[in-house]
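Have a look at coords_6.cif below; it lists mmCIF, C-alpha atoms, pLDDT in the B column; chains and numbers go by the auth columns.
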data_structure
#
loop_
_atom_site.group_PDB
_atom_site.id
_atom_site.type_symbol
_atom_site.label_atom_id
_atom_site.label_comp_id
_atom_site.label_asym_id
_atom_site.label_seq_id
_atom_site.Cartn_x
_atom_site.Cartn_y
_atom_site.Cartn_z
_atom_site.B_iso_or_equiv
_atom_site.auth_seq_id
_atom_site.auth_asym_id
ATOM 1 C CA MET A 1 -13.696 -0.667 23.070 50.00 198 F
ATOM 2 C CA SER A 2 -12.437 -1.477 19.586 66.00 199 F
ATOM 3 C CA GLU A 3 -14.376 0.021 16.701 73.00 200 F
ATOM 4 C CA THR A 4 -14.513 -1.109 13.078 77.00 201 F
ATOM 5 C CA TYR A 5 -15.139 1.256 10.165 77.00 202 F
ATOM 6 C CA ILE A 6 -15.528 0.471 6.477 79.00 203 F
ATOM 7 C CA LEU A 7 -14.095 3.142 4.149 82.00 204 F
ATOM 8 C CA ASP A 8 -14.027 3.418 0.382 82.00 205 F
ATOM 9 C CA LEU A 9 -10.467 4.704 0.113 85.00 206 F
ATOM 10 C CA PRO A 10 -7.365 3.389 -1.650 86.00 207 F
ATOM 11 C CA PRO A 11 -4.427 2.299 0.549 88.00 208 F
ATOM 12 C CA ASP A 12 -2.437 5.500 0.093 89.00 209 F
ATOM 13 C CA ARG A 13 -5.389 7.626 1.252 91.00 210 F
ATOM 14 C CA MET A 14 -6.461 5.554 4.254 89.00 211 F
ATOM 15 C CA GLU A 15 -6.634 7.294 7.588 84.00 212 F
ATOM 16 C CA GLY A 16 -4.906 5.968 10.660 87.00 213 F
ATOM 17 C CA GLU A 17 -1.375 5.328 11.791 94.00 214 F
ATOM 18 C CA VAL A 18 -0.581 2.297 9.645 96.00 215 F
ATOM 19 C CA ALA A 19 -1.912 0.903 6.356 95.00 216 F
ATOM 20 C CA THR A 20 -1.782 -2.890 6.425 95.00 217 F
ATOM 21 C CA VAL A 21 -1.800 -4.856 3.161 95.00 218 F
ATOM 22 C CA PHE A 22 -0.994 -8.408 2.145 93.00 219 F
ATOM 23 C CA PHE A 23 1.376 -9.541 -0.601 95.00 220 F
ATOM 24 C CA PHE A 24 1.659 -13.008 -2.065 93.00 221 F
ATOM 25 C CA GLU A 25 4.261 -15.429 -3.384 94.00 222 F
ATOM 26 C CA ASP A 26 2.459 -15.898 -6.696 90.00 223 F
ATOM 27 C CA ASP A 27 1.886 -12.194 -7.462 87.00 224 F
ATOM 28 C CA ARG A 28 4.624 -10.980 -9.765 89.00 225 F
ATOM 29 C CA PRO A 29 4.346 -8.167 -10.434 91.00 226 F
ATOM 30 C CA LEU A 30 2.555 -7.225 -7.228 92.00 227 F
ATOM 31 C CA HIS A 31 -1.235 -6.848 -7.451 87.00 228 F
ATOM 32 C CA GLY A 32 -3.973 -4.984 -5.631 88.00 229 F
ATOM 33 C CA ALA A 33 -3.449 -2.887 -2.523 91.00 230 F
ATOM 34 C CA ALA A 34 0.177 -4.033 -2.081 94.00 231 F
ATOM 35 C CA SER A 35 1.066 -2.844 -5.578 93.00 232 F
ATOM 36 C CA LEU A 36 -0.307 0.642 -4.964 92.00 233 F
ATOM 37 C CA LEU A 37 1.491 1.073 -1.640 95.00 234 F
ATOM 38 C CA ASP A 38 4.719 -0.290 -3.128 96.00 235 F
ATOM 39 C CA TRP A 39 4.454 2.181 -6.015 95.00 236 F
ATOM 40 C CA ARG A 40 3.817 5.101 -3.639 96.00 237 F
ATOM 41 C CA LEU A 41 6.850 3.998 -1.580 97.00 238 F
ATOM 42 C CA ASN A 42 9.072 4.089 -4.675 96.00 239 F
ATOM 43 C CA GLY A 43 9.169 0.308 -5.159 96.00 240 F
ATOM 44 C CA LYS A 44 10.866 -0.482 -1.846 97.00 241 F
ATOM 45 C CA LEU A 45 8.953 -3.759 -1.417 97.00 242 F
ATOM 46 C CA THR A 46 9.770 -4.737 -5.008 96.00 243 F
ATOM 47 C CA GLU A 47 13.461 -4.113 -4.263 97.00 244 F
ATOM 48 C CA LEU A 48 13.240 -6.496 -1.294 97.00 245 F
ATOM 49 C CA LEU A 49 11.478 -9.093 -3.455 96.00 246 F
ATOM 50 C CA VAL A 50 14.086 -8.854 -6.235 96.00 247 F
ATOM 51 C CA ALA A 51 16.900 -9.141 -3.664 96.00 248 F
ATOM 52 C CA GLY A 52 15.242 -12.283 -2.244 95.00 249 F
ATOM 53 C CA LYS A 53 14.891 -10.796 1.250 96.00 250 F
ATOM 54 C CA VAL A 54 11.125 -11.463 1.260 96.00 251 F
ATOM 55 C CA THR A 55 8.912 -13.617 -0.947 95.00 252 F
ATOM 56 C CA GLY A 56 5.350 -13.104 0.253 95.00 253 F
ATOM 57 C CA ARG A 57 5.261 -16.420 2.106 95.00 254 F
ATOM 58 C CA LEU A 58 3.150 -16.658 5.245 91.00 255 F
ATOM 59 C CA GLY A 59 5.093 -14.947 7.990 85.00 256 F
ATOM 60 C CA ASP A 60 6.992 -12.392 5.896 95.00 257 F
ATOM 61 C CA THR A 61 6.567 -8.966 7.491 96.00 258 F
ATOM 62 C CA VAL A 62 7.887 -5.624 6.249 97.00 259 F
ATOM 63 C CA ILE A 63 7.141 -2.226 7.786 97.00 260 F
ATOM 64 C CA MET A 64 8.106 1.009 6.061 97.00 261 F
ATOM 65 C CA GLN A 65 7.865 4.600 7.150 96.00 262 F
ATOM 66 C CA ASN A 66 5.873 7.041 5.045 95.00 263 F
ATOM 67 C CA ASN A 67 7.943 8.884 2.457 95.00 264 F
ATOM 68 C CA GLY A 68 5.446 11.748 2.261 94.00 265 F
ATOM 69 C CA LYS A 69 3.182 10.082 -0.316 95.00 266 F
ATOM 70 C CA LEU A 70 0.795 8.337 2.102 94.00 267 F
ATOM 71 C CA ASP A 71 -1.854 9.642 4.499 93.00 268 F
ATOM 72 C CA VAL A 72 -0.636 7.226 7.213 95.00 269 F
ATOM 73 C CA ASP A 73 2.692 7.230 9.034 95.00 270 F
ATOM 74 C CA TRP A 74 3.571 3.604 8.271 96.00 271 F
ATOM 75 C CA ALA A 75 2.908 0.865 5.714 96.00 272 F
ATOM 76 C CA LEU A 76 2.827 -2.736 6.901 97.00 273 F
ATOM 77 C CA PHE A 77 3.189 -5.497 4.296 97.00 274 F
ATOM 78 C CA ILE A 78 2.350 -9.016 5.490 96.00 275 F
ATOM 79 C CA GLY A 79 3.090 -12.117 3.433 96.00 276 F
ATOM 80 C CA GLY A 80 -0.062 -14.053 2.649 92.00 277 F
ATOM 81 C CA GLY A 81 1.404 -17.181 1.087 92.00 278 F
ATOM 82 C CA THR A 82 -0.163 -18.173 -2.212 90.00 279 F
ATOM 83 C CA ARG A 83 -3.066 -16.029 -3.441 85.00 280 F
ATOM 84 C CA GLN A 84 -4.526 -19.077 -5.194 84.00 281 F
ATOM 85 C CA ARG A 85 -4.928 -20.820 -1.823 85.00 282 F
ATOM 86 C CA LEU A 86 -6.682 -17.997 -0.007 84.00 283 F
ATOM 87 C CA SER A 87 -9.628 -19.248 1.987 86.00 284 F
ATOM 88 C CA ARG A 88 -11.668 -17.907 4.870 86.00 285 F
ATOM 89 C CA ALA A 89 -9.307 -19.701 7.280 89.00 286 F
ATOM 90 C CA VAL A 90 -6.240 -18.071 5.694 89.00 287 F
ATOM 91 C CA TRP A 91 -7.894 -14.630 5.766 87.00 288 F
ATOM 92 C CA GLU A 92 -8.653 -15.192 9.458 89.00 289 F
ATOM 93 C CA ARG A 93 -5.015 -16.056 10.142 91.00 290 F
ATOM 94 C CA LEU A 94 -3.757 -13.022 8.191 91.00 291 F
ATOM 95 C CA ILE A 95 -6.075 -10.510 9.847 89.00 292 F
ATOM 96 C CA LYS A 96 -5.247 -11.907 13.304 90.00 293 F
ATOM 97 C CA LYS A 97 -1.530 -11.600 12.512 93.00 294 F
ATOM 98 C CA GLY A 98 -2.017 -8.002 11.372 92.00 295 F
ATOM 99 C CA LEU A 99 -3.917 -7.132 14.554 90.00 296 F
ATOM 100 C CA LYS A 100 -1.245 -8.748 16.729 91.00 297 F
ATOM 101 C CA ILE A 101 1.648 -6.973 14.969 93.00 298 F
ATOM 102 C CA CYS A 102 -0.089 -3.591 15.111 91.00 299 F
ATOM 103 C CA GLU A 103 -1.029 -3.998 18.758 89.00 300 F
ATOM 104 C CA LYS A 104 2.542 -4.975 19.651 92.00 301 F
ATOM 105 C CA ALA A 105 3.861 -1.927 17.751 93.00 302 F
ATOM 106 C CA GLY A 106 1.511 0.306 19.740 92.00 303 F
ATOM 107 C CA PHE A 107 -0.721 1.498 16.894 93.00 304 F
ATOM 108 C CA ASP A 108 -4.143 2.808 17.952 88.00 305 F
ATOM 109 C CA ARG A 109 -5.689 3.327 14.510 91.00 306 F
ATOM 110 C CA ILE A 110 -5.079 0.508 12.030 92.00 307 F
ATOM 111 C CA ALA A 111 -6.127 0.540 8.372 92.00 308 F
ATOM 112 C CA PHE A 112 -6.484 -2.784 6.551 91.00 309 F
ATOM 113 C CA CYS A 113 -6.712 -2.634 2.760 90.00 310 F
ATOM 114 C CA LEU A 114 -7.972 -5.983 1.519 85.00 311 F
ATOM 115 C CA ASP A 115 -8.512 -7.557 -1.883 81.00 312 F
ATOM 116 C CA SER A 116 -11.376 -10.045 -2.090 66.00 313 F
ATOM 117 C CA GLN A 117 -10.885 -13.256 -4.022 68.00 314 F
ATOM 118 C CA GLU A 118 -12.994 -15.501 -6.192 68.00 315 F
ATOM 119 C CA ASN A 119 -13.442 -18.064 -3.413 74.00 316 F
ATOM 120 C CA VAL A 120 -13.964 -15.570 -0.532 78.00 317 F
ATOM 121 C CA SER A 121 -16.242 -12.600 -1.191 76.00 318 F
ATOM 122 C CA ALA A 122 -15.774 -9.086 0.165 75.00 319 F
ATOM 123 C CA SER A 123 -18.905 -9.493 2.298 78.00 320 F
ATOM 124 C CA GLU A 124 -17.468 -12.655 3.912 82.00 321 F
ATOM 125 C CA ILE A 125 -14.173 -10.884 4.621 81.00 322 F
ATOM 126 C CA LYS A 126 -16.032 -7.874 6.101 81.00 323 F
ATOM 127 C CA GLU A 127 -18.016 -10.172 8.380 83.00 324 F
ATOM 128 C CA LEU A 128 -14.850 -11.995 9.427 85.00 325 F
ATOM 129 C CA ALA A 129 -12.989 -8.720 10.074 81.00 326 F
ATOM 130 C CA ASN A 130 -15.793 -7.396 12.301 81.00 327 F
ATOM 131 C CA GLN A 131 -15.842 -10.664 14.236 85.00 328 F
ATOM 132 C CA LEU A 132 -12.061 -10.751 14.736 85.00 329 F
ATOM 133 C CA VAL A 133 -11.838 -7.137 15.873 81.00 330 F
ATOM 134 C CA SER A 134 -14.669 -7.626 18.375 79.00 331 F
ATOM 135 C CA GLU A 135 -13.029 -10.824 19.703 81.00 332 F
ATOM 136 C CA HIS A 136 -9.527 -9.320 19.893 73.00 333 F
ATOM 137 C CA LYS A 137 -8.302 -8.940 23.475 67.00 334 F
ATOM 138 C CA SER A 138 -7.164 -5.329 23.048 60.00 335 F
ATOM 139 C CA SER A 139 -9.908 -2.766 23.376 58.00 336 F
ATOM 140 C CA SER A 140 -7.848 0.314 22.682 72.00 337 F
ATOM 141 C CA PHE A 141 -7.745 0.594 18.887 77.00 338 F
ATOM 142 C CA ASP A 142 -9.883 1.454 15.886 84.00 339 F
ATOM 143 C CA CYS A 143 -9.763 -0.633 12.724 84.00 340 F
ATOM 144 C CA LEU A 144 -10.491 0.868 9.341 86.00 341 F
ATOM 145 C CA PHE A 145 -11.118 -1.451 6.413 85.00 342 F
ATOM 146 C CA SER A 146 -11.280 -0.874 2.686 85.00 343 F
ATOM 147 C CA PHE A 147 -12.074 -3.554 0.143 79.00 344 F
ATOM 148 C CA ASP A 148 -11.256 -3.862 -3.538 69.00 345 F
ATOM 149 C CA THR A 149 -10.166 -0.251 -4.059 66.00 346 F
ATOM 150 C CA VAL A 150 -7.299 -1.371 -6.314 65.00 347 F
ATOM 151 C CA PRO A 151 -7.905 -3.936 -9.079 61.00 348 F
ATOM 152 C CA VAL A 152 -6.282 -7.351 -8.775 61.00 349 F
ATOM 153 C CA LEU A 153 -5.086 -8.818 -12.042 53.00 350 F
ATOM 154 C CA SER A 154 -6.730 -12.060 -13.037 54.00 351 F
ATOM 155 C CA SER A 155 -4.744 -15.220 -12.455 52.00 352 F
ATOM 156 C CA GLU A 156 -6.547 -16.976 -15.281 53.00 353 F
ATOM 157 C CA PRO A 157 -4.423 -17.623 -18.357 50.00 354 F
ATOM 158 C CA THR A 158 -5.391 -15.369 -21.210 47.00 355 F
ATOM 159 C CA GLU A 159 -5.637 -16.313 -24.803 53.00 356 F
ATOM 160 C CA LYS A 160 -2.567 -15.322 -26.776 49.00 357 F
ATOM 161 C CA GLN A 161 -3.323 -12.561 -29.236 49.00 358 F
ATOM 162 C CA THR A 162 -2.422 -13.377 -32.799 52.00 359 F
ATOM 163 C CA SER A 163 0.090 -11.128 -34.462 48.00 360 F
ATOM 164 C CA LEU A 164 -1.201 -8.615 -36.945 49.00 361 F
ATOM 165 C CA LEU A 165 2.084 -8.693 -38.867 47.00 362 F
#

Same coordinates, now as structure tokens:
Amino acid sequence: MSETYILDLPPDRMEGEVATVFFFEDDRPLHGAASLLDWRLNGKLTELLVAGKVTGRLGDTVIMQNNGKLDVDWALFIGGGTRQRLSRAVWERLIKKGLKICEKAGFDRIAFCLDSQENVSASEIKELANQLVSEHKSSSFDCLFSFDTVPVLSSEPTEKQTSLL
């Protein structure tokens, strides 16, 4: 039977075989959990973004092996589309995609590191994650979740600071 655990750990310290995070088309530089994993992996995802090989659109998938700086063996980056358009339905689609990819790859212990948004709270995402894991057809894996362990920069425009010169 699949089990779900909530941990208060950053992405690079999550337990399991794979840390799964989402990156977005409108996050430049990267934000949240994806930014921390990218930094710990020496900017490999950023290199792919700069080269135009991935953009963060829905469907983009990048898996990278641990370089010795993570507590998991693999890091899975999944494109989430536009962060501004995240809704409960999009979160559902993303988590399902992550579960499917990890199951297909043969992972037994999956860590999801999620960033809540203004329009979908962490409690809603936790509830959704529990529901999706319990409904998932595979019964042979454990899912670990962490929420908001890495700050996400605000997308709101900031007021320009006046020069002191």

Name the closest residue to Glu200 (chain F) among the candidates F:Leu238, F:Leu255, F:Leu245, F:Cys340; distances are taken between atoms, counting only C-alpha atoms.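 Ranking F:Leu238, F:Leu255, F:Leu245, F:Cys340 by distance to Glu200 (chain F), first place goes to F:Cys340.
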
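Note that the spacing between CA of Thr201 (chain F) and CA of Ala216 (chain F) amounts to 14.4 Å.
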
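On the file presented, the PyMOL selection byres ((chain F and resi 297) around 12) picks out Thr217, Ile275, Arg290, Leu291, Ile292, Lys293, Lys294, Gly295, Leu296, Ile298, Cys299, Glu300, Lys301, Ala302, Gly303, Phe304, Asp305, Ile307, Leu329, Val330, His333, Lys334, Ser335 and Phe338 of chain F.
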
Report as a ChimeraX atom specification the full result of the PyMOL selection byres ((chain F and resi 287) around 12) when it is applied to this structure. /F:219,255-256,276-286,288-294,314,316-317,322,325

Looking at F:Gln262, F:Glu324, F:Asp257, F:Asp224, which one is nearest to Lys241 (chain F), with distances taken over all atoms listed in the file? F:Gln262

Between CA of Lys266 (chain F) and CA of Asp235 (chain F) - distance in Å to one decimal: 10.9 Å

In Å, rounded to a single decimal, give me how far CA of Ser343 (chain F) is from CA of Asp205 (chain F).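 Answer for the CA of Asp205 (chain F) to CA of Ser343 (chain F) separation: 5.6 Å.
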
Of the listed residues F:Thr243, F:Ser232, F:Asn264, F:Ser318, that which approaches Phe344 (chain F) most closely, counting all atoms listed in the file: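 Of F:Thr243, F:Ser232, F:Asn264, F:Ser318, the one nearest Phe344 (chain F) is F:Ser318, counting all atoms listed in the file.
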
Spell out the residues picked by the PyMOL selection byres ((chain F and resi 273) around 8) here, as an mmCIF file with C-alpha atoms, keeping the file's coordinate frame.
data_model
loop_
_atom_site.group_PDB
_atom_site.id
_atom_site.type_symbol
_atom_site.label_atom_id
_atom_site.label_comp_id
_atom_site.auth_asym_id
_atom_site.auth_seq_id
_atom_site.Cartn_x
_atom_site.Cartn_y
_atom_site.Cartn_z
ATOM 1 C CA VAL F 215 -0.581 2.297 9.645
ATOM 2 C CA ALA F 216 -1.912 0.903 6.356
ATOM 3 C CA THR F 217 -1.782 -2.890 6.425
ATOM 4 C CA VAL F 218 -1.800 -4.856 3.161
ATOM 5 C CA THR F 258 6.567 -8.966 7.491
ATOM 6 C CA VAL F 259 7.887 -5.624 6.249
ATOM 7 C CA ILE F 260 7.141 -2.226 7.786
ATOM 8 C CA MET F 261 8.106 1.009 6.061
ATOM 9 C CA TRP F 271 3.571 3.604 8.271
ATOM 10 C CA ALA F 272 2.908 0.865 5.714
ATOM 11 C CA PHE F 274 3.189 -5.497 4.296
ATOM 12 C CA ILE F 275 2.350 -9.016 5.490
#

Given only C-alpha atoms as the counted atoms, nearest of F:Leu267, F:Leu341, F:Leu227, F:Val247 to Ala326 (chain F): F:Leu341

Counting only C-alpha atoms, write as a ChimeraX atom specification all protein and nucleic acid residues lying at most 8 Å from (6.8, -13.7, -3.6) in the file's frame. /F:220-225,246,251-254,278

For those residues, write C-alpha atoms to a file as a compact mmCIF listing (two decimals), in the coordinates of the input.
# COMPACT_ATOMS: atom_id res chain seq x y z
CA PHE F 220 1.38 -9.54 -0.60
CA PHE F 221 1.66 -13.01 -2.06
CA GLU F 222 4.26 -15.43 -3.38
CA ASP F 223 2.46 -15.90 -6.70
CA ASP F 224 1.89 -12.19 -7.46
CA ARG F 225 4.62 -10.98 -9.76
CA LEU F 246 11.48 -9.09 -3.46
CA VAL F 251 11.12 -11.46 1.26
CA THR F 252 8.91 -13.62 -0.95
CA GLY F 253 5.35 -13.10 0.25
CA ARG F 254 5.26 -16.42 2.11
CA GLY F 278 1.40 -17.18 1.09

Nearest residue to Phe309 (chain F) from the set F:Asn263, F:Glu244, F:Pro226, F:Phe342 (distances using all atoms listed in the file): F:Phe342
